[in-house]
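Everything on this sheet refers to the single structure shown next.
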Amino acid sequence: MYKLCFALIFLLAREVAAPAVSVLPPMTIFENDQVRVIRTLEKPHVKGKFHEHQMNRVMIYLQLGKQRFEYQDGRKPVISEYEAGQVSWSAAEGMHSPECLTDEPFNIVEVELKRPGTGKKIASSLDPLKIDPKDYKLEFENDQVRVFRNRIGPNGTVPMHEHTLNRVNVFLTDQNVRSTEPNGKTAIAQHKAGEAIWSSPVTHMEQNLNDRPFEVITVEIKE
């Protein structure tokens, strides 16, 4: 009986687990007057050149990773580890050199923020974090961004909600979602895991058309 229960649990876990994002080549995904979104490729045991970041960034890690950072300002080296799908804030910093410590490459999607931010608070009664706290989870928020994770179960539906800010969506799984606006207009959105897109304010409900969970990281820009 124990072995049978364990087998059923294992099969169920396989059914609901999201597929891993394939390692992708580095590129600038898109750029506008508010953000530049790039995908980096960290190669195993390669030490990068010293460089600096003049803009604050939101970092989305597509695979498991580990890095060692050296600094030119006398700070001690730092080792950071990441889980697949992890999101973090990275403030502008001086000259540093990263080295990938894993035996496998991994991607980072970096959202560089060109504006200082207004600190705007979201007051809408249709804010997705209020409407559907089961599927929407806040990662962090500051004066420049609000970052949340949206995970919709297989064939799941999100009720009518409103996005009031421009935003970057970074897909952790393949997207196949039907969007329905208040006037009944529908559209199908499809993207691959690892892609990122720019989205403007909208009010809609959504349905995951896949038999697997759908997961996306949203970076709202407080312009």
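Within each chain, counting starts at residue 1; across the structure tokens, chains are named A, B, ... in the order shown, with ligands numbered 1 upward in that order.
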
Next item on the list: For region 166-172 of chain A, please output as a VMD selection string all residues within 10 Å (counting only C-alpha atoms; exclusion window: fewer than 3 positions along the same chain).
Entry: chain A and resid 18 to 21 34 to 35 37 60 to 63 84 to 85 109 to 111 145 to 151 163 175 191 to 202 214 to 223

Margin query: Would you pick out the contacts of region 99-105 of chain A at 7 Å or less, using only C-alpha atoms, so that residues sharing its chain but fewer than 3 positions from it are not included, and give the list as a PyMOL selection string?
Written below: chain A and resi 41-48+65-69

Serialized selection, C-alpha atoms, as a CSV table (one decimal), in the first residue's frame:
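The resulting file, selection20.csv, is reproduced below:
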chain,number,residue,atom,x,y,z
A,41,LEU,CA,23.9,33.4,-20.7
A,42,GLU,CA,26.2,32.5,-17.9
A,43,LYS,CA,28.7,29.8,-19.1
A,44,PRO,CA,30.2,27.2,-16.7
A,45,HIS,CA,33.3,28.3,-14.9
A,46,VAL,CA,33.8,31.4,-17.0
A,47,LYS,CA,34.9,34.6,-15.3
A,48,GLY,CA,33.5,37.7,-16.7
A,65,GLY,CA,22.6,28.9,-10.9
A,66,LYS,CA,25.5,29.8,-8.7
A,67,GLN,CA,28.0,32.8,-9.1
A,68,ARG,CA,31.0,34.3,-7.4
A,69,PHE,CA,31.4,38.1,-7.5

Notebook entry, point to check: Residues of region 3-196 of chain A in strand (DSSP E or B) according to DSSP, as a VMD selection string?
Noted result: chain A and resid 27 to 31 35 to 42 47 51 to 53 57 to 61 65 to 71 78 to 82 87 to 90 93 to 100 106 to 113 136 to 141 145 to 152 157 to 163 167 to 171 175 to 180 186 to 191 196

Could those selected residues go to a file with C-alpha atoms, as a PDB file, in the first residue's frame?
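And here is the file that came out, out_22.pdb:
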ATOM      1  CA  MET A  27      20.201  38.755 -26.609  1.00  0.00           C
ATOM      2  CA  THR A  28      18.497  42.104 -26.113  1.00  0.00           C
ATOM      3  CA  ILE A  29      14.846  41.055 -26.048  1.00  0.00           C
ATOM      4  CA  PHE A  30      13.429  44.573 -26.389  1.00  0.00           C
ATOM      5  CA  GLU A  31      14.019  48.175 -25.344  1.00  0.00           C
ATOM      6  CA  VAL A  35      13.230  49.635 -19.767  1.00  0.00           C
ATOM      7  CA  ARG A  36      15.822  47.555 -21.520  1.00  0.00           C
ATOM      8  CA  VAL A  37      15.239  43.809 -21.236  1.00  0.00           C
ATOM      9  CA  ILE A  38      18.137  41.483 -21.953  1.00  0.00           C
ATOM     10  CA  ARG A  39      18.783  37.768 -21.597  1.00  0.00           C
ATOM     11  CA  THR A  40      22.266  36.820 -20.475  1.00  0.00           C
ATOM     12  CA  LEU A  41      23.931  33.412 -20.708  1.00  0.00           C
ATOM     13  CA  GLU A  42      26.225  32.455 -17.852  1.00  0.00           C
ATOM     14  CA  LYS A  47      34.921  34.557 -15.257  1.00  0.00           C
ATOM     15  CA  HIS A  51      32.015  46.026 -15.488  1.00  0.00           C
ATOM     16  CA  GLU A  52      29.393  48.163 -13.745  1.00  0.00           C
ATOM     17  CA  HIS A  53      25.612  48.616 -13.858  1.00  0.00           C
ATOM     18  CA  ARG A  57      17.506  45.934 -12.333  1.00  0.00           C
ATOM     19  CA  VAL A  58      15.001  43.158 -11.734  1.00  0.00           C
ATOM     20  CA  MET A  59      16.640  39.754 -12.220  1.00  0.00           C
ATOM     21  CA  ILE A  60      14.696  36.626 -13.236  1.00  0.00           C
ATOM     22  CA  TYR A  61      16.691  33.374 -13.144  1.00  0.00           C
ATOM     23  CA  GLY A  65      22.618  28.860 -10.918  1.00  0.00           C
ATOM     24  CA  LYS A  66      25.533  29.849  -8.723  1.00  0.00           C
ATOM     25  CA  GLN A  67      27.955  32.779  -9.106  1.00  0.00           C
ATOM     26  CA  ARG A  68      30.975  34.271  -7.376  1.00  0.00           C
ATOM     27  CA  PHE A  69      31.357  38.059  -7.521  1.00  0.00           C
ATOM     28  CA  GLU A  70      34.638  39.952  -7.118  1.00  0.00           C
ATOM     29  CA  TYR A  71      34.710  43.734  -6.579  1.00  0.00           C
ATOM     30  CA  VAL A  78      30.355  37.099  -2.556  1.00  0.00           C
ATOM     31  CA  ILE A  79      28.821  33.789  -3.653  1.00  0.00           C
ATOM     32  CA  SER A  80      25.148  33.780  -4.671  1.00  0.00           C
ATOM     33  CA  GLU A  81      22.933  30.793  -5.484  1.00  0.00           C
ATOM     34  CA  TYR A  82      19.647  30.881  -7.393  1.00  0.00           C
ATOM     35  CA  VAL A  87      13.312  36.795  -8.815  1.00  0.00           C
ATOM     36  CA  SER A  88      15.525  39.383  -7.123  1.00  0.00           C
ATOM     37  CA  TRP A  89      16.275  43.105  -6.977  1.00  0.00           C
ATOM     38  CA  SER A  90      19.728  44.270  -8.061  1.00  0.00           C
ATOM     39  CA  GLU A  93      26.636  48.957  -8.476  1.00  0.00           C
ATOM     40  CA  GLY A  94      30.292  49.642  -9.257  1.00  0.00           C
ATOM     41  CA  MET A  95      32.918  47.550 -10.975  1.00  0.00           C
ATOM     42  CA  HIS A  96      32.566  43.814 -10.407  1.00  0.00           C
ATOM     43  CA  SER A  97      33.397  40.506 -12.098  1.00  0.00           C
ATOM     44  CA  PRO A  98      31.036  37.479 -11.985  1.00  0.00           C
ATOM     45  CA  GLU A  99      32.068  33.857 -12.367  1.00  0.00           C
ATOM     46  CA  CYS A 100      29.612  31.013 -12.996  1.00  0.00           C
ATOM     47  CA  PHE A 106      22.010  29.246 -17.020  1.00  0.00           C
ATOM     48  CA  ASN A 107      20.061  32.268 -18.238  1.00  0.00           C
ATOM     49  CA  ILE A 108      19.122  35.471 -16.471  1.00  0.00           C
ATOM     50  CA  VAL A 109      16.474  37.851 -17.811  1.00  0.00           C
ATOM     51  CA  GLU A 110      17.451  41.341 -16.667  1.00  0.00           C
ATOM     52  CA  VAL A 111      14.952  44.218 -16.664  1.00  0.00           C
ATOM     53  CA  GLU A 112      16.979  47.437 -16.565  1.00  0.00           C
ATOM     54  CA  LEU A 113      14.981  50.413 -15.258  1.00  0.00           C
ATOM     55  CA  TYR A 136      -1.057  36.053  -7.755  1.00  0.00           C
ATOM     56  CA  LYS A 137       1.808  36.372  -5.253  1.00  0.00           C
ATOM     57  CA  LEU A 138       3.780  39.554  -4.572  1.00  0.00           C
ATOM     58  CA  GLU A 139       7.552  39.057  -4.873  1.00  0.00           C
ATOM     59  CA  PHE A 140       8.622  42.576  -3.867  1.00  0.00           C
ATOM     60  CA  GLU A 141       7.760  46.251  -4.362  1.00  0.00           C
ATOM     61  CA  VAL A 145       8.503  48.480  -9.622  1.00  0.00           C
ATOM     62  CA  ARG A 146       5.962  46.051  -8.264  1.00  0.00           C
ATOM     63  CA  VAL A 147       6.894  42.468  -9.082  1.00  0.00           C
ATOM     64  CA  PHE A 148       4.539  39.534  -8.741  1.00  0.00           C
ATOM     65  CA  ARG A 149       4.233  35.900  -9.793  1.00  0.00           C
ATOM     66  CA  ASN A 150       1.117  34.562 -11.512  1.00  0.00           C
ATOM     67  CA  ARG A 151       0.590  30.813 -11.525  1.00  0.00           C
ATOM     68  CA  ILE A 152      -2.596  29.455 -13.120  1.00  0.00           C
ATOM     69  CA  THR A 157      -9.365  30.641 -14.914  1.00  0.00           C
ATOM     70  CA  VAL A 158      -8.512  34.028 -13.372  1.00  0.00           C
ATOM     71  CA  PRO A 159     -11.524  36.320 -12.751  1.00  0.00           C
ATOM     72  CA  MET A 160     -11.864  39.784 -14.268  1.00  0.00           C
ATOM     73  CA  HIS A 161      -8.998  42.010 -13.084  1.00  0.00           C
ATOM     74  CA  GLU A 162      -7.168  45.185 -14.070  1.00  0.00           C
ATOM     75  CA  HIS A 163      -3.542  45.991 -14.834  1.00  0.00           C
ATOM     76  CA  ARG A 167       4.647  45.975 -17.384  1.00  0.00           C
ATOM     77  CA  VAL A 168       7.171  43.403 -18.515  1.00  0.00           C
ATOM     78  CA  ASN A 169       5.994  39.793 -18.571  1.00  0.00           C
ATOM     79  CA  VAL A 170       8.664  37.080 -18.377  1.00  0.00           C
ATOM     80  CA  PHE A 171       7.334  33.599 -19.107  1.00  0.00           C
ATOM     81  CA  GLN A 175       1.794  30.410 -22.517  1.00  0.00           C
ATOM     82  CA  ASN A 176      -1.485  29.467 -24.181  1.00  0.00           C
ATOM     83  CA  VAL A 177      -4.020  31.781 -22.568  1.00  0.00           C
ATOM     84  CA  ARG A 178      -7.415  33.118 -23.652  1.00  0.00           C
ATOM     85  CA  SER A 179      -8.020  36.730 -22.584  1.00  0.00           C
ATOM     86  CA  THR A 180     -11.562  38.129 -22.387  1.00  0.00           C
ATOM     87  CA  THR A 186     -11.356  37.630 -26.778  1.00  0.00           C
ATOM     88  CA  ALA A 187      -7.790  36.960 -27.876  1.00  0.00           C
ATOM     89  CA  ILE A 188      -5.370  34.046 -27.568  1.00  0.00           C
ATOM     90  CA  ALA A 189      -1.855  34.835 -26.299  1.00  0.00           C
ATOM     91  CA  GLN A 190       0.909  32.303 -26.933  1.00  0.00           C
ATOM     92  CA  HIS A 191       4.574  32.623 -25.949  1.00  0.00           C
ATOM     93  CA  ALA A 196       9.627  38.447 -22.362  1.00  0.00           C
TER      94      ALA A 196
END

Notebook entry, point to check: Quick one: DSSP alpha helix (DSSP H) residues in chain A, as a list in words?
Noted result: Tyr2, Lys3, Leu4, Cys5, Phe6, Ala7, Leu8, Ile9, Phe10, Leu11, Leu12, Ala13, Arg14, Glu15, Val16, Pro128, Leu129, Lys130 and Ile131 of chain A

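Among the candidate residues A:Gly156, A:Pro128, A:Pro25, A:Gly117, the one lying nearest to Leu209 (chain A) is A:Gly156, with distances computed using only C-alpha atoms.
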
Next item on the list: Could you check which of A:Phe50, A:Glu181, A:Gly153, A:Ala91 is closest to Asn210 (chain A), using only C-alpha atoms?
Entry: A:Gly153
